[in-house]
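Presented below is the structure to which this report refers.
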Amino acid sequence: MSHIAQFATVQALKLAPFFISLVLYFSLVRKDPEGELWTTVLKCLPIVALMFYVLIKGFSLKKQYRRSQLILLGLVFSCGGDALLNVNLFPFGMVSFGVAHIFYMSAFGWHPLKWVIGVCLYVPVVVFIVLVHKYLDDILVIGVPIYCVLIITMLWRSLARAVDAKSLLAILCAFGAVLFVISDALIAVTMFLSVDLPSPRLQIMITYYAAQFAIALSTADDGPLPPCKNKDK
């Protein structure tokens, strides 16, 4: 078995709880949840499984695992956001996800800056905020623009890291960030603009879980660098 195939097999085994929890959620939760405890638990299970993956794939409180630490915290607050949204506490759920994005963007880093990517992302966000502004109430009129800036900044930092690192996991992570934005955009257009999408919950949750999966999997190569061989020998 090649090194890549062996690596993929090991990661798949560690991610088994995540895939099992996905099957449970999509097979048992057949309609939009109405705040029931059991649907909240099932909704959070895949994120809890990803937290478990980050811990068992190789984790430490040492600085070499800084990215894993930050992404783990992002998953914790994402899980909190899932629970709050599921019991119809949308503003509080949005705050929890906003904190998650702060941890994610910190994990992705600020160097190199790649400001052109950021500018290209912020322009459509401003347009979107202008479009939905009149549909927001007193709390969301402040919270939604702040959240939009946070999630787009997270996307910016993931794309900048992918362009710089040029590694498969970094590119996968950036793809996950794109899916996260798509998932939240689907929520926004159905909630604020009353767009009638076919099976909106399925579209939102599939893109959301795929996003979190890609971000969590990007920690697979986190940790201390392997010792360099002494070339003088």
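To be explicit about the labels: the chains of the structure tokens are called A, B, and onward in the order shown, and within each one the residues are counted from 1, while ligands get numbers from 1 in the order they are shown.
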
Any chance you could list, as an NGL selection string, the residues in segment 43-162 of chain A that come up alpha helix (DSSP H) when DSSP is run on the backbone?
-> :A and (43-56 or 66-86 or 90-108 or 115-132 or 140-162)

Compile the contact shell of Ile187 of chain A as a ChimeraX atom specification: residues with an atom at most 12 Å away, counting only C-alpha atoms, same-chain residues fewer than 6 positions apart removed.
-> /A:85,90,94,144,180-181,193-197,199-205,207-208

Identify, on the basis of only C-alpha atoms, every residue whose closest approach to Leu150 of chain A does not exceed 8 Å; exclude the query and any residue fewer than 4 positions from it along the same chain; express the result as a list in words.
->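 Result of the neighbour search: Gly98, His101, Ile102, Ile146 and Met154 of chain A.
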
Go ahead and save the picked residues with N, CA and C atoms, as a PDB file, in the first residue's frame.
```pdb
ATOM      1  N   GLY A  98     -20.187  33.347  14.572  1.00  0.00           N
ATOM      2  CA  GLY A  98     -19.232  34.434  14.347  1.00  0.00           C
ATOM      3  C   GLY A  98     -17.937  34.214  15.101  1.00  0.00           C
ATOM      4  N   HIS A 101     -15.879  31.607  13.347  1.00  0.00           N
ATOM      5  CA  HIS A 101     -15.144  32.127  12.191  1.00  0.00           C
ATOM      6  C   HIS A 101     -13.889  32.893  12.619  1.00  0.00           C
ATOM      7  N   ILE A 102     -13.944  33.537  13.766  1.00  0.00           N
ATOM      8  CA  ILE A 102     -12.756  34.220  14.280  1.00  0.00           C
ATOM      9  C   ILE A 102     -11.648  33.213  14.570  1.00  0.00           C
ATOM     10  N   ILE A 146     -22.065  42.381  10.508  1.00  0.00           N
ATOM     11  CA  ILE A 146     -20.861  41.961  11.229  1.00  0.00           C
ATOM     12  C   ILE A 146     -20.539  40.506  10.900  1.00  0.00           C
ATOM     13  N   MET A 154     -12.987  34.983   6.919  1.00  0.00           N
ATOM     14  CA  MET A 154     -12.567  33.588   7.060  1.00  0.00           C
ATOM     15  C   MET A 154     -12.289  32.969   5.690  1.00  0.00           C
TER      16      MET A 154
END
```

Record the distance separating atom CA of Met105 of chain A and atom CA of Thr153 of chain A, expressed in Å with one decimal.
->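 If I compute the distance from atom CA of Met105 of chain A to atom CA of Thr153 of chain A, I get 7.0 Å.
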
Who sits within 12 Å of segment 35-47 of chain A, only C-alpha atoms, same chain under 2 positions skipped, as a ChimeraX atom specification = /A:15-33,49-54,71-90,201,205-206,208-216

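Shortest atom-to-atom contact with Asp222 of chain A among A:Ala177, A:Ile182, A:Val149, A:Ala107: A:Ala107, counting only C-alpha atoms.
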
Atom CA of Phe108 of chain A and atom CA of Arg157 of chain A, how far apart in Å?
-> 5.8 Å

Computed gap from atom CA of Asp164 of chain A to atom CA of Cys120 of chain A is 17.4 Å

In terms of the shortest atom-to-atom distance over only C-alpha atoms, which of A:Val95, A:Ala185, A:Val10, A:Cys148 is closest to Gly58 of chain A?
->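 Of A:Val95, A:Ala185, A:Val10, A:Cys148, the one nearest Gly58 of chain A, counting only C-alpha atoms, is A:Val10.
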